[in-house]
Amino acid sequence: MQSVGIIGLGYVGLPLALRFAGAGLRVTGFDVDTGKVNALNQGKSYIRHIGDEAVQRGRDNGFHATPDFVHTQLLDALILCVPTPLNAYREPDLGFILSTVEAITPYLQAGQLIALESTTYPGTTEEALRPRLEANGHQVGKDLFLVFAPEREDPGNTTCNPRSIPKVIGGCTEACLEAGIALYRQIIDTVIPVSSTRTAEMIKLLENIHRAINIGLVNEMKMVADRMDIDIHEVIRVAATKPFGFMPFYPGPGLGGHCIPIDPFYLTWKAREYGLHTRFIELAGQINGDMPGWVMGKIMDALNHQQQSIRGSRILILGIAYKKNVDDLRESPAIRLMSLLQERGADIAYSDPWIPCLAASGDSPHERRSIALTPESIADFDLLLLTTDHDAFDYEQIRQQARLIVDTRGVYRQPYPNVVRA
């Protein structure tokens, strides 16, 4: 295959497009956001950890972006990297996938490969995509090829070479699987074929559910350890020295990102169709969802100890991205904490070197801008809430200048009179 289209140019689609371009394929990126399209075609990145240089290299290798799906008919393969959120009832919302399929169907050509990378419930590829793709007369496995190949992106991770991360692929037929393997072997060292698209869909969910449940476990352990006056980070650090049977996970102020808070509930929803109640998944979701409220309790206790209340206190939130060293706000617990603090009358601001501007929203009707951390600005706040432990923060300066710090990430290992662990 010599040409590929990437539909959805976000945190998954854009790096994937640039990898294919770097491998010598002709790559067209598709996105309905014309602002993103224009930026990419000018060699500009809107994802900070990718950078303008990577986009410009992609442009030099022939990558370009467009909002016009008519160009899909010129490509050998189309890869869907669109969002799969939950609706208001915490049920799967396949709207982005289905609208994308509807947009490309009029332009499908015999011999094309369609790959879905978006995380979803087992059965989506066969039950939702295949009938729609075949509605115009094509037959999957003969003149159209369909696979599920879940993304395995880890934004901000600089230790893993994306080429070395094994790629799982399930095909609707053997011919589909062979086509998918041929495509992805051009950019991935190890491609792992599995027996079906349903199996591949379940593999991706298990990976994320495993993480969600273990984070829920360690968040619960953090609350127990706190009540017993035990440092949970020391416990984890030493437990991780065991060379077998233990994998370290780390607690925090909640659960964020595009995968872990969302994807487990795709299986919860699908399991109900089979009369099953996924108690572990739902319990982990409840614990992780309750963590911002637990952090609020620690903030109130810390301020009360200083004979202050939350109402009227000036509070600076350190880091609002969902994880360190990325500019991704999706499902960030810091945003939930900002909302809770505002509801209780706090005067809040934030500092995040990765997110210089926070757009207005329903919870915050005014745009906010990240403030620079100086000795004067740090000392001006009653409390600093450390929610995202970016490497760019000068933690020693922060500790020396802050009146009070609530640390939700275990950055400060030694006891300090102005640091409260949460």
# chains A, B, ... in the order shown; residues from 1 in each chain; ligands from 1
>>> select_by_dssp(residues="range 62-292 of chain A", states="alpha helix (DSSP H)", output="ChimeraX atom specification")
/A:95-104,124,130-134,174-184,197-227,232-239,264-272,279-292
>>> residues_around(residues="Ala372 in chain A", least_positions_apart="2", cutoff="7 Å", atoms="only C-alpha atoms", output="JSON, numbers by chain")
{"A": [351, 370, 374]}
>>> residues_around(residues="Pro162 in chain A", least_positions_apart="2", cutoff="12 Å", atoms="only C-alpha atoms", output="ChimeraX atom specification")
/A:12,15-16,18-20,151-160,164-167,187-190
>>> residues_around(residues="Ala402 in chain A", least_positions_apart="5", cutoff="8 Å", atoms="only C-alpha atoms", output="PyMOL selection string")
chain A and resi 378-379+381-384+418
>>> closest_residue(among="A:Lys324, A:Arg369, A:His138, A:Arg163", to="Ile355 in chain A", atoms="only C-alpha atoms")
A:Arg369
>>> residues_around(residues="range 103-109 of chain A", least_positions_apart="2", cutoff="8 Å", atoms="only C-alpha atoms", output="PyMOL selection string")
chain A and resi 69-70+72-73+99-101+111-112+132-133+136+144
>>> write_last_selection(atoms="N, CA and C atoms", output="short mmCIF file (atom, residue, chain, number, x, y, z; two decimals), in the first residue's frame")
data_model
loop_
_atom_site.label_atom_id
_atom_site.label_comp_id
_atom_site.auth_asym_id
_atom_site.auth_seq_id
_atom_site.Cartn_x
_atom_site.Cartn_y
_atom_site.Cartn_z
N PHE A 69 -13.89 14.97 2.24
CA PHE A 69 -13.80 13.52 2.18
C PHE A 69 -13.80 12.97 0.75
N VAL A 70 -13.99 13.80 -0.23
CA VAL A 70 -13.95 13.32 -1.61
C VAL A 70 -12.58 12.73 -1.93
N THR A 72 -10.87 10.78 -0.19
CA THR A 72 -10.68 9.41 0.31
C THR A 72 -10.68 8.39 -0.83
N GLN A 73 -11.31 8.72 -1.93
CA GLN A 73 -11.39 7.75 -3.03
C GLN A 73 -10.05 7.53 -3.72
N SER A 99 -20.84 8.86 11.74
CA SER A 99 -20.87 10.00 10.81
C SER A 99 -19.68 9.94 9.86
N THR A 100 -18.55 9.44 10.35
CA THR A 100 -17.38 9.29 9.49
C THR A 100 -17.64 8.24 8.41
N VAL A 101 -18.21 7.10 8.81
CA VAL A 101 -18.53 6.05 7.84
C VAL A 101 -19.51 6.58 6.79
N GLY A 111 -11.05 -2.55 -3.31
CA GLY A 111 -9.66 -2.79 -2.89
C GLY A 111 -9.21 -1.97 -1.72
N GLN A 112 -10.01 -1.02 -1.26
CA GLN A 112 -9.59 -0.19 -0.14
C GLN A 112 -9.66 -0.95 1.19
N ARG A 132 -22.84 -0.95 7.17
CA ARG A 132 -22.89 0.36 6.54
C ARG A 132 -21.91 0.44 5.37
N LEU A 133 -20.75 -0.17 5.51
CA LEU A 133 -19.78 -0.16 4.43
C LEU A 133 -20.23 -1.01 3.24
N ASN A 136 -23.45 -0.05 -0.04
CA ASN A 136 -23.37 0.46 -1.42
C ASN A 136 -22.95 -0.61 -2.41
N LEU A 144 -13.51 -5.05 -0.45
CA LEU A 144 -13.31 -4.06 0.60
C LEU A 144 -12.79 -4.81 1.82
#
>>> atom_distance(atom1="CA of Tyr395 in chain A", atom2="CA of Asp226 in chain A")
22.4 Å
>>> atom_distance(atom1="CA of Asp301 in chain A", atom2="CA of Val420 in chain A")
9.5 Å
